[in-house]
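Undergrad: Got a structure for you, written out below as structure tokens; questions coming shortly.
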Amino acid sequence: DVKVTQSSRYLVKRTGEKVFLECVQDMDHENMFWYRQDPGLGLRLIYFSYDVKMKEKGDIPEGYSVSREKKERFSLILESASTNQTSMYLCASTIRRGDGYTFGSGTRLTIV
Amino acid sequence: KNQVEQSPQSLIILEGKNCTLQCNYTVSPFSNLRWYKQDTGRGPVSLTIMTFSENTKSNGRYTATLDADTKQSSLHITASQLSDSASYICVVSGYNFNKFYFGSGTKLNVKP
């Protein structure tokens, strides 16, 4: 089975900090995604990548950036964390465009 | 506007009972529809995927139906178990394979 591993289950950071969320998949998937999930809003796409060093903005990219230096790793960066970025962050990957996602377990991020 | 609406928002049923969750969508053109199960504090896990030509698909006690003409899908859970307590998310893929539209989910609570 494909595994998508997110480095932290829970994270607490301070306002203004630069925050890194890491995601690693072990099955050579081309496509990787970052979502945030908030009550009543469902999952919203932040960024995605379909190849190394490639990235595309999703629906809510403001305040975030990403890095994909290696195929298996996709990092989400909060440049200067703010309290409205407190959320559950989910990483996902697919082997091909249009395939179903394999999700990581999520990172519950709290900005104080 | 491409949207996915799920109902009910939440549902409480007794163990052993059946239930049906609804998903209506306006995504067009349509590629496929997936149902995911998300346990509290975990990432979503795929239950079923249905394409335009499929009406019904089963995965154990879970049966999904799709009416592409009316743009409606349902997820039927038979003989519910306590472990079915989770959020169920309907995800519709449009023509752009990296564009997925998420419903806000139905939170199911199965009580003993």
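By order in the structure tokens, chains are A, B, ...; within a chain, residues start at 1; ligands start at 1, following the order shown.
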Hey, which bits of chain A sit within 7 Å of chain B, and for each residue what's the closest pair of atoms and how far apart in Å (one decimal), counting only C-alpha atoms, rows by chain and increasing number, as a Markdown table?

TA:
```
| residue | atom | partner | partner_atom | distance |
| --- | --- | --- | --- | --- |
| A:Gly40 | CA | B:Ser104 | CA | 5.9 |
| A:Leu41 | CA | B:Ser104 | CA | 5.9 |
| A:Gly42 | CA | B:Ser104 | CA | 4.2 |
| A:Leu43 | CA | B:Phe102 | CA | 6.2 |
| A:Leu90 | CA | B:Gly43 | CA | 6.7 |
| A:Arg97 | CA | B:Phe97 | CA | 5.4 |
| A:Gly98 | CA | B:Phe97 | CA | 4.4 |
| A:Phe103 | CA | B:Gly43 | CA | 5.5 |
| A:Gly104 | CA | B:Gly43 | CA | 5.5 |
| A:Ser105 | CA | B:Gly43 | CA | 4.2 |
| A:Gly106 | CA | B:Gly43 | CA | 5.5 |
```

Undergrad: Write out as a ChimeraX atom specification the residues lying within 9 Å of segment 69-76 of chain B, counting only C-alpha atoms and excluding same-chain residues fewer than 4 positions away.

TA: /B:18-27,33,35,61-65,88,90

Undergrad: Could you write out the selected residues, including N, CA, C and O atoms, as an mmCIF file, in the first residue's frame?

TA:
```
data_model
loop_
_atom_site.group_PDB
_atom_site.id
_atom_site.type_symbol
_atom_site.label_atom_id
_atom_site.label_comp_id
_atom_site.auth_asym_id
_atom_site.auth_seq_id
_atom_site.Cartn_x
_atom_site.Cartn_y
_atom_site.Cartn_z
ATOM 1 N N ASN B 18 -29.446 0.708 9.203
ATOM 2 C CA ASN B 18 -28.928 1.172 7.915
ATOM 3 C C ASN B 18 -29.070 2.682 7.814
ATOM 4 O O ASN B 18 -29.890 3.297 8.513
ATOM 5 N N CYS B 19 -28.292 3.283 6.939
ATOM 6 C CA CYS B 19 -28.459 4.715 6.692
ATOM 7 C C CYS B 19 -28.005 5.041 5.272
ATOM 8 O O CYS B 19 -27.279 4.265 4.638
ATOM 9 N N THR B 20 -28.471 6.198 4.793
ATOM 10 C CA THR B 20 -28.114 6.647 3.446
ATOM 11 C C THR B 20 -27.684 8.101 3.498
ATOM 12 O O THR B 20 -28.381 8.947 4.061
ATOM 13 N N LEU B 21 -26.536 8.374 2.906
ATOM 14 C CA LEU B 21 -26.000 9.727 2.828
ATOM 15 C C LEU B 21 -26.122 10.213 1.389
ATOM 16 O O LEU B 21 -25.944 9.434 0.449
ATOM 17 N N GLN B 22 -26.388 11.498 1.228
ATOM 18 C CA GLN B 22 -26.647 12.046 -0.094
ATOM 19 C C GLN B 22 -25.561 13.012 -0.545
ATOM 20 O O GLN B 22 -24.954 13.717 0.270
ATOM 21 N N CYS B 23 -25.358 13.026 -1.856
ATOM 22 C CA CYS B 23 -24.405 13.954 -2.461
ATOM 23 C C CYS B 23 -24.995 14.458 -3.779
ATOM 24 O O CYS B 23 -25.289 13.650 -4.670
ATOM 25 N N ASN B 24 -25.192 15.754 -3.895
ATOM 26 C CA ASN B 24 -25.664 16.369 -5.139
ATOM 27 C C ASN B 24 -24.564 17.280 -5.662
ATOM 28 O O ASN B 24 -23.919 17.990 -4.885
ATOM 29 N N TYR B 25 -24.365 17.276 -6.956
ATOM 30 C CA TYR B 25 -23.280 18.066 -7.509
ATOM 31 C C TYR B 25 -23.725 18.802 -8.761
ATOM 32 O O TYR B 25 -24.693 18.425 -9.423
ATOM 33 N N THR B 26 -22.997 19.867 -9.060
ATOM 34 C CA THR B 26 -23.282 20.634 -10.276
ATOM 35 C C THR B 26 -22.060 20.672 -11.186
ATOM 36 O O THR B 26 -22.025 21.446 -12.137
ATOM 37 N N VAL B 27 -21.047 19.860 -10.847
ATOM 38 C CA VAL B 27 -19.795 19.854 -11.608
ATOM 39 C C VAL B 27 -20.050 19.365 -13.026
ATOM 40 O O VAL B 27 -20.639 18.322 -13.244
ATOM 41 N N LEU B 33 -16.756 10.293 -9.458
ATOM 42 C CA LEU B 33 -17.193 10.675 -8.110
ATOM 43 C C LEU B 33 -16.660 9.653 -7.139
ATOM 44 O O LEU B 33 -16.739 8.445 -7.377
ATOM 45 N N TRP B 35 -16.314 8.516 -2.884
ATOM 46 C CA TRP B 35 -16.680 8.653 -1.488
ATOM 47 C C TRP B 35 -15.463 8.293 -0.636
ATOM 48 O O TRP B 35 -14.800 7.274 -0.869
ATOM 49 N N ARG B 61 -19.959 -3.417 3.311
ATOM 50 C CA ARG B 61 -21.274 -2.925 3.726
ATOM 51 C C ARG B 61 -21.608 -1.550 3.145
ATOM 52 O O ARG B 61 -22.676 -1.011 3.428
ATOM 53 N N TYR B 62 -20.713 -1.004 2.368
ATOM 54 C CA TYR B 62 -20.933 0.303 1.739
ATOM 55 C C TYR B 62 -21.353 0.108 0.281
ATOM 56 O O TYR B 62 -20.681 -0.599 -0.466
ATOM 57 N N THR B 63 -22.461 0.739 -0.107
ATOM 58 C CA THR B 63 -22.908 0.703 -1.495
ATOM 59 C C THR B 63 -23.152 2.124 -1.975
ATOM 60 O O THR B 63 -23.944 2.850 -1.382
ATOM 61 N N ALA B 64 -22.455 2.498 -3.038
ATOM 62 C CA ALA B 64 -22.638 3.828 -3.610
ATOM 63 C C ALA B 64 -23.465 3.718 -4.879
ATOM 64 O O ALA B 64 -23.336 2.757 -5.636
ATOM 65 N N THR B 65 -24.340 4.695 -5.091
ATOM 66 C CA THR B 65 -25.109 4.763 -6.333
ATOM 67 C C THR B 65 -24.848 6.105 -6.993
ATOM 68 O O THR B 65 -24.492 7.089 -6.330
ATOM 69 N N TYR B 88 -18.048 11.360 6.213
ATOM 70 C CA TYR B 88 -18.047 10.792 4.862
ATOM 71 C C TYR B 88 -18.075 11.943 3.862
ATOM 72 O O TYR B 88 -18.960 12.802 3.913
ATOM 73 N N CYS B 90 -17.870 13.378 -0.077
ATOM 74 C CA CYS B 90 -18.115 13.130 -1.496
ATOM 75 C C CYS B 90 -17.197 14.050 -2.299
ATOM 76 O O CYS B 90 -17.113 15.255 -2.007
#
```

Undergrad: Among chain A, which ones does DSSP assign to strand (DSSP E or B) (computed from the backbone)? Answer as an NGL selection string.

TA: :A and (4-6 or 10-13 or 19-21 or 23-25 or 31-38 or 42-49 or 56-57 or 64-70 or 73-78 or 87-94 or 102-103 or 107-111)

Undergrad: Please produce an output containing C-alpha atoms for each residue in the selection, written as a compact mmCIF listing (two decimals), in the first residue's frame.

TA:
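The file below, part-v4.txt, is the result:
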```txt
# COMPACT_ATOMS: atom_id res chain seq x y z
CA VAL A 4 1.82 9.23 2.60
CA THR A 5 3.58 10.37 5.74
CA GLN A 6 3.21 13.78 7.32
CA TYR A 10 0.14 18.10 16.07
CA LEU A 11 2.07 21.36 15.90
CA VAL A 12 1.85 24.62 17.83
CA LYS A 13 3.67 27.69 16.49
CA VAL A 19 6.48 27.05 9.55
CA PHE A 20 7.41 24.00 7.51
CA LEU A 21 5.05 21.06 7.02
CA CYS A 23 5.02 15.29 3.40
CA VAL A 24 6.69 12.17 2.00
CA GLN A 25 5.21 9.44 -0.20
CA ASN A 31 1.25 14.30 -8.26
CA MET A 32 1.19 15.72 -4.75
CA PHE A 33 -1.24 18.11 -3.09
CA TRP A 34 -1.68 20.23 0.01
CA TYR A 35 -5.13 20.90 1.42
CA ARG A 36 -6.43 22.56 4.51
CA GLN A 37 -9.62 21.38 6.17
CA ASP A 38 -11.82 23.61 8.29
CA GLY A 42 -14.50 21.10 3.65
CA LEU A 43 -11.12 20.59 2.00
CA ARG A 44 -9.60 23.49 0.11
CA LEU A 45 -6.66 23.13 -2.24
CA ILE A 46 -3.62 25.24 -1.38
CA TYR A 47 -0.99 24.07 -3.86
CA PHE A 48 -0.24 21.04 -5.98
CA SER A 49 2.70 19.70 -7.93
CA GLU A 56 0.67 25.15 -9.26
CA LYS A 57 -1.50 27.40 -7.12
CA TYR A 64 1.71 29.79 1.65
CA SER A 65 4.49 28.52 -0.56
CA VAL A 66 5.68 25.02 -1.46
CA SER A 67 8.82 23.20 -2.37
CA ARG A 68 9.33 19.99 -4.34
CA GLU A 69 13.03 19.31 -4.72
CA LYS A 70 12.59 15.52 -4.81
CA ARG A 73 8.77 15.04 -0.81
CA PHE A 74 6.40 17.99 -0.96
CA SER A 75 6.78 20.72 1.65
CA LEU A 76 4.27 23.39 2.61
CA ILE A 77 5.69 26.62 4.00
CA LEU A 78 3.83 29.25 5.96
CA SER A 87 -6.27 24.38 10.64
CA MET A 88 -5.92 20.71 9.77
CA TYR A 89 -3.47 20.30 6.89
CA LEU A 90 -3.71 17.25 4.65
CA CYS A 91 -1.16 16.08 2.11
CA ALA A 92 -2.22 13.75 -0.70
CA SER A 93 -0.66 12.06 -3.70
CA THR A 94 -1.76 10.29 -6.89
CA THR A 102 -3.99 8.72 -0.99
CA PHE A 103 -4.05 11.04 1.98
CA THR A 107 -1.22 17.79 10.73
CA ARG A 108 -3.30 19.73 13.22
CA LEU A 109 -1.56 23.12 13.24
CA THR A 110 -2.33 25.74 15.88
CA ILE A 111 -0.96 29.25 15.59
```

Undergrad: Do you know which residues are at most 12 Å from Gly16 of chain A counting only C-alpha atoms, after dropping those on the same chain fewer than 5 positions away, and could you put them as a list in words?

TA: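 Those residues are Gly63, Leu78, Glu79, Ser80, Ala81, Ser82, Thr83, Asn84, Gln85, Ile111 and Val112 of chain A.
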
Undergrad: Enter the distance from atom CA of Lys37 of chain B to atom CA of Ala86 of chain B, in Å, rounded to one decimal.

TA: 6.5 Å

Undergrad: Could you list, as a PyMOL selection string, every residue within 12 Å of Glu15 of chain B, counting only C-alpha atoms and ignoring same-chain residues fewer than 4 positions away?

TA: chain B and resi 19+77-85+108-112

Undergrad: Only N, CA, C and O atoms, please: the residues just picked out, written as a compact mmCIF listing (two decimals), in the first residue's frame.

TA:
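Writing the result to out19.txt gives the following:
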```txt
# COMPACT_ATOMS: atom_id res chain seq x y z
N CYS B 19 -28.29 3.28 6.94
CA CYS B 19 -28.46 4.71 6.69
C CYS B 19 -28.01 5.04 5.27
O CYS B 19 -27.28 4.27 4.64
N ILE B 77 -25.10 2.61 3.92
CA ILE B 77 -24.34 1.78 4.87
C ILE B 77 -25.30 0.78 5.48
O ILE B 77 -26.33 1.16 6.07
N THR B 78 -24.98 -0.47 5.35
CA THR B 78 -25.83 -1.55 5.84
C THR B 78 -25.32 -2.08 7.17
O THR B 78 -24.11 -2.23 7.37
N ALA B 79 -26.27 -2.36 8.08
CA ALA B 79 -25.91 -2.98 9.37
C ALA B 79 -24.76 -2.24 10.02
O ALA B 79 -23.68 -2.79 10.23
N SER B 80 -24.99 -0.99 10.35
CA SER B 80 -23.92 -0.11 10.82
C SER B 80 -23.21 -0.67 12.06
O SER B 80 -23.81 -1.38 12.89
N GLN B 81 -21.94 -0.32 12.15
CA GLN B 81 -21.11 -0.71 13.29
C GLN B 81 -20.55 0.55 13.93
O GLN B 81 -20.50 1.62 13.32
N LEU B 82 -20.11 0.41 15.18
CA LEU B 82 -19.55 1.56 15.89
C LEU B 82 -18.38 2.16 15.11
O LEU B 82 -18.17 3.37 15.12
N SER B 83 -17.63 1.31 14.42
CA SER B 83 -16.47 1.78 13.67
C SER B 83 -16.85 2.59 12.42
O SER B 83 -15.98 3.18 11.78
N ASP B 84 -18.13 2.61 12.09
CA ASP B 84 -18.58 3.44 10.96
C ASP B 84 -18.68 4.91 11.35
O ASP B 84 -18.86 5.77 10.49
N SER B 85 -18.58 5.20 12.63
CA SER B 85 -18.62 6.60 13.09
C SER B 85 -17.45 7.35 12.50
O SER B 85 -16.29 7.02 12.77
N LEU B 108 -21.23 11.07 10.69
CA LEU B 108 -22.08 9.96 11.15
C LEU B 108 -21.62 9.51 12.53
O LEU B 108 -20.44 9.26 12.75
N ASN B 109 -22.58 9.38 13.43
CA ASN B 109 -22.30 8.88 14.78
C ASN B 109 -23.17 7.64 14.99
O ASN B 109 -24.40 7.72 14.98
N VAL B 110 -22.52 6.49 15.16
CA VAL B 110 -23.24 5.25 15.41
C VAL B 110 -23.17 4.95 16.91
O VAL B 110 -22.07 4.81 17.47
N LYS B 111 -24.34 4.88 17.52
CA LYS B 111 -24.40 4.67 18.97
C LYS B 111 -24.77 3.23 19.30
O LYS B 111 -25.56 2.62 18.58
N PRO B 112 -24.24 2.71 20.41
CA PRO B 112 -24.57 1.32 20.78
C PRO B 112 -26.01 1.20 21.28
O PRO B 112 -26.63 2.18 21.69
```
